[in-house]
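I have placed the structure first, in the form of C-alpha cells, so that the comments after it can refer back to it.
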Amino acid sequence: MPEILVVIPTLNEVDNLSRTVGRVRQHLPHSDVLVVDDDSQDGTAELADKLGAEDRGVTVVHRTSRGFASAIMESFRYALEHGYNYVVTVDADGAYDLATLSELVEAARTGDLDLVIGSRWVPGGDVKNMAVRRRLTSWFGNTYTRRMLGTSVQDLTSTVRVYSSRILARIPFDKVKSEAYAFQIELVTRIAQAGGHIAELPIAYVERAIGKSKMRAKDMFVAGGRVTRWGLRGVRARPKPGA
Ligand SMILES: Nc1nc2c(ncn2[C@@H]2O[C@H](COP(=O)(O)OP(=O)(O)O)[C@@H](O)[C@H]2O)c(=O)[nH]1
Ligand SMILES: [Mg+2]
C-alpha cells in the first residue's frame, strides 16, 4: 500500500480537477489520492467519481456538509485509519506549481520532518497574477502572524503541505475550531506546540485562472482577529528547527 495520501478538497472545481489529479499522478506516482467534495453543484462530484472509476488510486469522499477545515480534518482521520505515513494537501485549482511535490515529500522523509510547507514567501518562491490587494493581505497577514505568534514560518497559509502522520496523531482535531486561513495557521501552531519539526521549501504560485476563490474577505479578517487573540493570550507557534 502506498505510504502517501494526497488530499484534494473540492468545492465547484469542475474545470480544474482533472488537471490537478493528472499533475499529482505525474509528480507523485506512488501515492493514493483522496478527493473530498462538499456537494459541488457544477459537476465536480460526478467528475471525481469518473476519475475514481478510471484510476483505482483515486478515492472520492462525498460530504453533504461544507467547510475547508472539516474536509482536511476528515482526510487526516482517513489517513490515520488507513495507515498512511504522510498526508500531502493540495488545492484543486492549479494555482500552486506541483512540480516540486516529490521534493517536498523527500524533504519530509529524509529530514524526518513533521510539516513541510510549499512556501511562496521564501527565497525562490514566486507569486504571479495575484491581485495587489490579495498579495498585500497575504504578505502583511503572514508578517503580522509571525510577530504575534513568535514563529519563523514565512508562509502560514499555503495549502501545499506535507504532514507526517506521526504529528497528526498528536493533534486534538475536536479542539480545532477555526476555518480557512485561521485553520491553516492553527495547524502550524498546534504542530509547533506538539514539538513538530517544520520546514519550508519554495513553491511557485500563479493565481487561479479558472473558477473562483472560495475564500472570502471575511476569512482574512477572522484570521487576523484569531491571531490577535492567540498572540495576546500567549499562544506561540515557534517550531523546533528542521532536523
Ligand atoms: N471540500 C471542500 N473544499 C473546499 C471548500 N472551500 C474551498 N475548498 C477547496 O479548497 C481549495 C482552496 O480553496 P480556494 O478557493 O482555491 O482558496 P484560495 O486559494 O485561498 O483562493 C480549493 O481546492 C477549493 O475547491 C469547502 O468548503 N469544502
Ligand atoms: Mg486557491
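FYI, nothing fancy with the C-alpha cells labels: chains A, B, ... in order, residues from 1 per chain, ligands from 1 as they appear.
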* To do: May I have the residues within 10 Å of ligand 2, computed using only C-alpha atoms and all ligand atoms, as a PyMOL selection string?
  => chain A and resi 90-96+158-159+205-209+211-215
Deliver the residues from the most recent selection as a file, using N, CA and C atoms, as a compact mmCIF listing (two decimals), in the first residue's frame.
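Final output, selection-v1.txt:
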```txt
# COMPACT_ATOMS: atom_id res chain seq x y z
N VAL A 90 -3.18 19.49 -1.37
CA VAL A 90 -3.03 20.43 -2.49
C VAL A 90 -4.40 21.03 -2.82
N ASP A 91 -4.38 22.25 -3.38
CA ASP A 91 -5.61 22.87 -3.88
C ASP A 91 -6.00 22.23 -5.20
N ALA A 92 -7.29 22.23 -5.49
CA ALA A 92 -7.72 21.70 -6.80
C ALA A 92 -7.46 22.69 -7.92
N ASP A 93 -7.28 23.95 -7.59
CA ASP A 93 -7.37 24.99 -8.63
C ASP A 93 -6.13 25.17 -9.49
N GLY A 94 -5.05 24.46 -9.17
CA GLY A 94 -3.86 24.52 -10.02
C GLY A 94 -3.01 25.75 -9.82
N ALA A 95 -3.29 26.55 -8.79
CA ALA A 95 -2.53 27.78 -8.59
C ALA A 95 -1.08 27.49 -8.17
N TYR A 96 -0.91 26.50 -7.31
CA TYR A 96 0.45 26.16 -6.88
C TYR A 96 1.08 25.23 -7.91
N SER A 158 -0.17 28.82 3.08
CA SER A 158 -0.06 27.96 1.90
C SER A 158 -0.83 26.66 2.14
N THR A 159 -1.49 26.19 1.10
CA THR A 159 -2.24 24.94 1.27
C THR A 159 -1.48 23.72 0.75
N TYR A 205 3.62 30.11 -7.44
CA TYR A 205 2.18 30.25 -7.37
C TYR A 205 1.72 31.20 -8.46
N VAL A 206 0.77 30.76 -9.25
CA VAL A 206 0.16 31.65 -10.25
C VAL A 206 -1.33 31.66 -9.95
N GLU A 207 -1.86 32.80 -9.63
CA GLU A 207 -3.27 32.89 -9.23
C GLU A 207 -4.17 32.14 -10.19
N ARG A 208 -5.16 31.43 -9.65
CA ARG A 208 -6.02 30.61 -10.49
C ARG A 208 -6.62 31.43 -11.63
N ALA A 209 -6.65 30.79 -12.83
CA ALA A 209 -7.23 31.46 -13.99
C ALA A 209 -8.68 31.02 -14.17
N GLY A 211 -12.33 29.43 -12.55
CA GLY A 211 -13.13 29.27 -11.33
C GLY A 211 -12.81 30.38 -10.35
N LYS A 212 -13.62 30.38 -9.28
CA LYS A 212 -13.48 31.49 -8.31
C LYS A 212 -12.90 30.99 -7.00
N SER A 213 -12.23 31.89 -6.28
CA SER A 213 -11.75 31.56 -4.94
C SER A 213 -12.96 31.34 -4.04
N LYS A 214 -12.87 30.32 -3.17
CA LYS A 214 -13.97 30.04 -2.24
C LYS A 214 -13.76 30.76 -0.92
N MET A 215 -12.56 31.29 -0.74
CA MET A 215 -12.30 32.02 0.50
C MET A 215 -12.88 33.42 0.36
```
* Check the DSSP output for the backbone and give back, as a VMD selection string, the residues of segment 1-242 of chain A in alpha helix (DSSP H). => chain A and resid 17 to 27 44 to 54 68 to 82 101 to 111 132 to 149 165 to 168 180 to 193 217 to 233
If you keep C-alpha atoms, can you produce a file of those selected residues as a compact mmCIF listing (two decimals), in the first residue's frame?
```
# COMPACT_ATOMS: atom_id res chain seq x y z
CA LEU A 17 -9.88 18.86 -11.04
CA SER A 18 -8.76 16.57 -13.90
CA ARG A 19 -5.63 18.64 -14.49
CA THR A 20 -4.79 18.69 -10.79
CA VAL A 21 -5.25 14.93 -10.39
CA GLY A 22 -3.09 14.47 -13.51
CA ARG A 23 -0.32 16.64 -12.05
CA VAL A 24 -0.41 14.74 -8.78
CA ARG A 25 -0.25 11.40 -10.63
CA GLN A 26 2.68 12.73 -12.68
CA HIS A 27 4.72 14.11 -9.81
CA THR A 44 -17.19 18.22 -9.83
CA ALA A 45 -18.71 15.38 -7.79
CA GLU A 46 -19.55 13.34 -10.91
CA LEU A 47 -16.17 14.12 -12.48
CA ALA A 48 -14.41 12.98 -9.28
CA ASP A 49 -16.35 9.70 -9.40
CA LYS A 50 -15.32 9.23 -13.03
CA LEU A 51 -11.66 9.83 -12.17
CA GLY A 52 -12.02 7.38 -9.29
CA ALA A 53 -13.54 4.74 -11.60
CA GLU A 54 -10.68 5.11 -14.10
CA PHE A 68 -12.45 23.54 4.09
CA ALA A 69 -11.18 22.81 7.61
CA SER A 70 -13.50 19.89 8.27
CA ALA A 71 -12.71 18.43 4.82
CA ILE A 72 -8.99 18.50 5.61
CA MET A 73 -9.51 17.08 9.10
CA GLU A 74 -11.68 14.32 7.71
CA SER A 75 -8.86 13.41 5.34
CA PHE A 76 -6.39 13.33 8.25
CA ARG A 77 -8.64 10.88 10.09
CA TYR A 78 -8.92 8.79 6.93
CA ALA A 79 -5.13 8.74 6.53
CA LEU A 80 -4.57 7.68 10.14
CA GLU A 81 -7.23 4.97 9.91
CA HIS A 82 -5.71 3.60 6.69
CA LEU A 101 5.75 17.89 -4.80
CA SER A 102 8.19 14.98 -4.73
CA GLU A 103 10.91 17.26 -3.36
CA LEU A 104 8.62 18.31 -0.52
CA VAL A 105 7.87 14.70 0.33
CA GLU A 106 11.54 13.73 0.05
CA ALA A 107 12.47 16.58 2.40
CA ALA A 108 9.94 15.32 4.94
CA ARG A 109 11.26 11.78 4.67
CA THR A 110 14.99 12.43 4.69
CA GLY A 111 14.81 15.25 7.24
CA VAL A 132 -2.31 43.63 -5.42
CA ARG A 133 -4.83 43.62 -2.57
CA ARG A 134 -4.67 39.85 -2.11
CA ARG A 135 -0.87 39.91 -2.36
CA LEU A 136 -0.57 42.66 0.24
CA THR A 137 -3.04 40.93 2.55
CA SER A 138 -1.15 37.65 2.28
CA TRP A 139 2.20 39.34 2.88
CA PHE A 140 1.03 41.55 5.77
CA GLY A 141 -1.08 38.75 7.23
CA ASN A 142 1.94 36.44 7.32
CA THR A 143 4.23 39.14 8.73
CA TYR A 144 1.70 40.07 11.43
CA THR A 145 1.11 36.43 12.36
CA ARG A 146 4.85 35.77 12.60
CA ARG A 147 5.25 38.62 15.07
CA MET A 148 2.15 37.81 17.12
CA LEU A 149 2.86 34.08 17.37
CA SER A 165 1.00 11.02 10.33
CA ARG A 166 3.11 10.83 13.47
CA ILE A 167 2.36 14.51 14.20
CA LEU A 168 -1.26 14.35 13.01
CA ALA A 180 -9.98 28.81 6.17
CA TYR A 181 -6.79 30.86 6.73
CA ALA A 182 -7.11 30.75 10.53
CA PHE A 183 -7.29 26.96 10.28
CA GLN A 184 -4.05 26.80 8.30
CA ILE A 185 -2.37 28.98 10.93
CA GLU A 186 -3.84 26.96 13.79
CA LEU A 187 -2.45 23.72 12.32
CA VAL A 188 1.05 25.20 12.14
CA THR A 189 0.65 26.40 15.73
CA ARG A 190 -0.54 23.06 17.05
CA ILE A 191 2.20 21.18 15.20
CA ALA A 192 4.84 23.54 16.61
CA GLN A 193 3.40 23.14 20.09
CA ALA A 217 -12.57 38.62 2.51
CA LYS A 218 -14.24 37.85 5.82
CA ASP A 219 -11.94 34.84 6.28
CA MET A 220 -8.93 37.16 6.34
CA PHE A 221 -10.44 39.41 9.00
CA VAL A 222 -11.47 36.42 11.07
CA ALA A 223 -7.90 35.06 10.80
CA GLY A 224 -6.50 38.45 11.86
CA GLY A 225 -8.82 38.52 14.88
CA ARG A 226 -7.91 34.99 15.91
CA VAL A 227 -4.18 35.61 15.55
CA THR A 228 -4.51 38.75 17.68
CA ARG A 229 -6.38 36.86 20.40
CA TRP A 230 -3.96 33.93 20.33
CA GLY A 231 -0.98 36.26 20.42
CA LEU A 232 -2.32 38.28 23.36
CA ARG A 233 -3.13 35.06 25.20
```
* **Nearest to ligand 1, chosen from A:Val176, A:Ala194, A:Val87, A:Ile210, with only C-alpha atoms and all ligand atoms counted in the distances** => A:Ile210
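Of note, atom CA of Leu115 of chain A and atom CA of Glu13 of chain A are spaced 26.3 Å apart.
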* Point-to-point distance in Å for atom 26 (C, counted along the ligand's line) of ligand 1 and atom CA of Thr100 of chain A ->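 Result for atom CA of Thr100 of chain A versus atom 26 (C, counted along the ligand's line) of ligand 1: 24.8 Å, one decimal.
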* Tell me which of A:Thr59, A:Thr151, A:Ser65, A:Ser164 sits closest to ligand 1, counting only C-alpha atoms and all ligand atoms. => A:Ser65
* **Point-to-point distance in Å for atom CA of Leu156 of chain A and atom 9 (C, counted along the ligand's line) of ligand 1** => 16.8 Å
* Using the chain letters and numbers from this document, which residues of segment 202-236 of chain A does DSSP assign to strand (DSSP E or B), as a ChimeraX atom specification? -> /A:202,204-206
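Closest approach to ligand 1 among A:Asp112, A:Asp155, A:Glu3, A:Asp37 is made by A:Asp37 (distances from only C-alpha atoms and all ligand atoms).
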* Would you kindly return, as a PyMOL selection string, each protein, DNA or RNA residue with an atom no farther than 6 Å from any atom of Val88 of chain A, considering only C-alpha atoms and excluding same-chain residues fewer than 4 positions away? => chain A and resi 6+161-162
Would you pick out the contacts of Asp38 of chain A at 8 Å or less, using only C-alpha atoms, so that residues sharing its chain but fewer than 5 positions from it are not included, and give the list as a compact mmCIF listing (two decimals) with C-alpha atoms, in the first residue's frame?
```
# COMPACT_ATOMS: atom_id res chain seq x y z
CA THR A 10 -13.02 20.41 -3.84
CA LEU A 11 -15.89 22.82 -4.00
CA HIS A 62 -18.77 12.93 -0.85
CA ARG A 63 -19.95 15.07 2.01
CA THR A 64 -23.20 16.91 2.41
CA SER A 65 -21.76 19.48 4.80
CA ARG A 66 -19.33 22.22 3.80
CA GLY A 67 -16.06 23.50 5.16
CA ALA A 71 -12.71 18.43 4.82
```
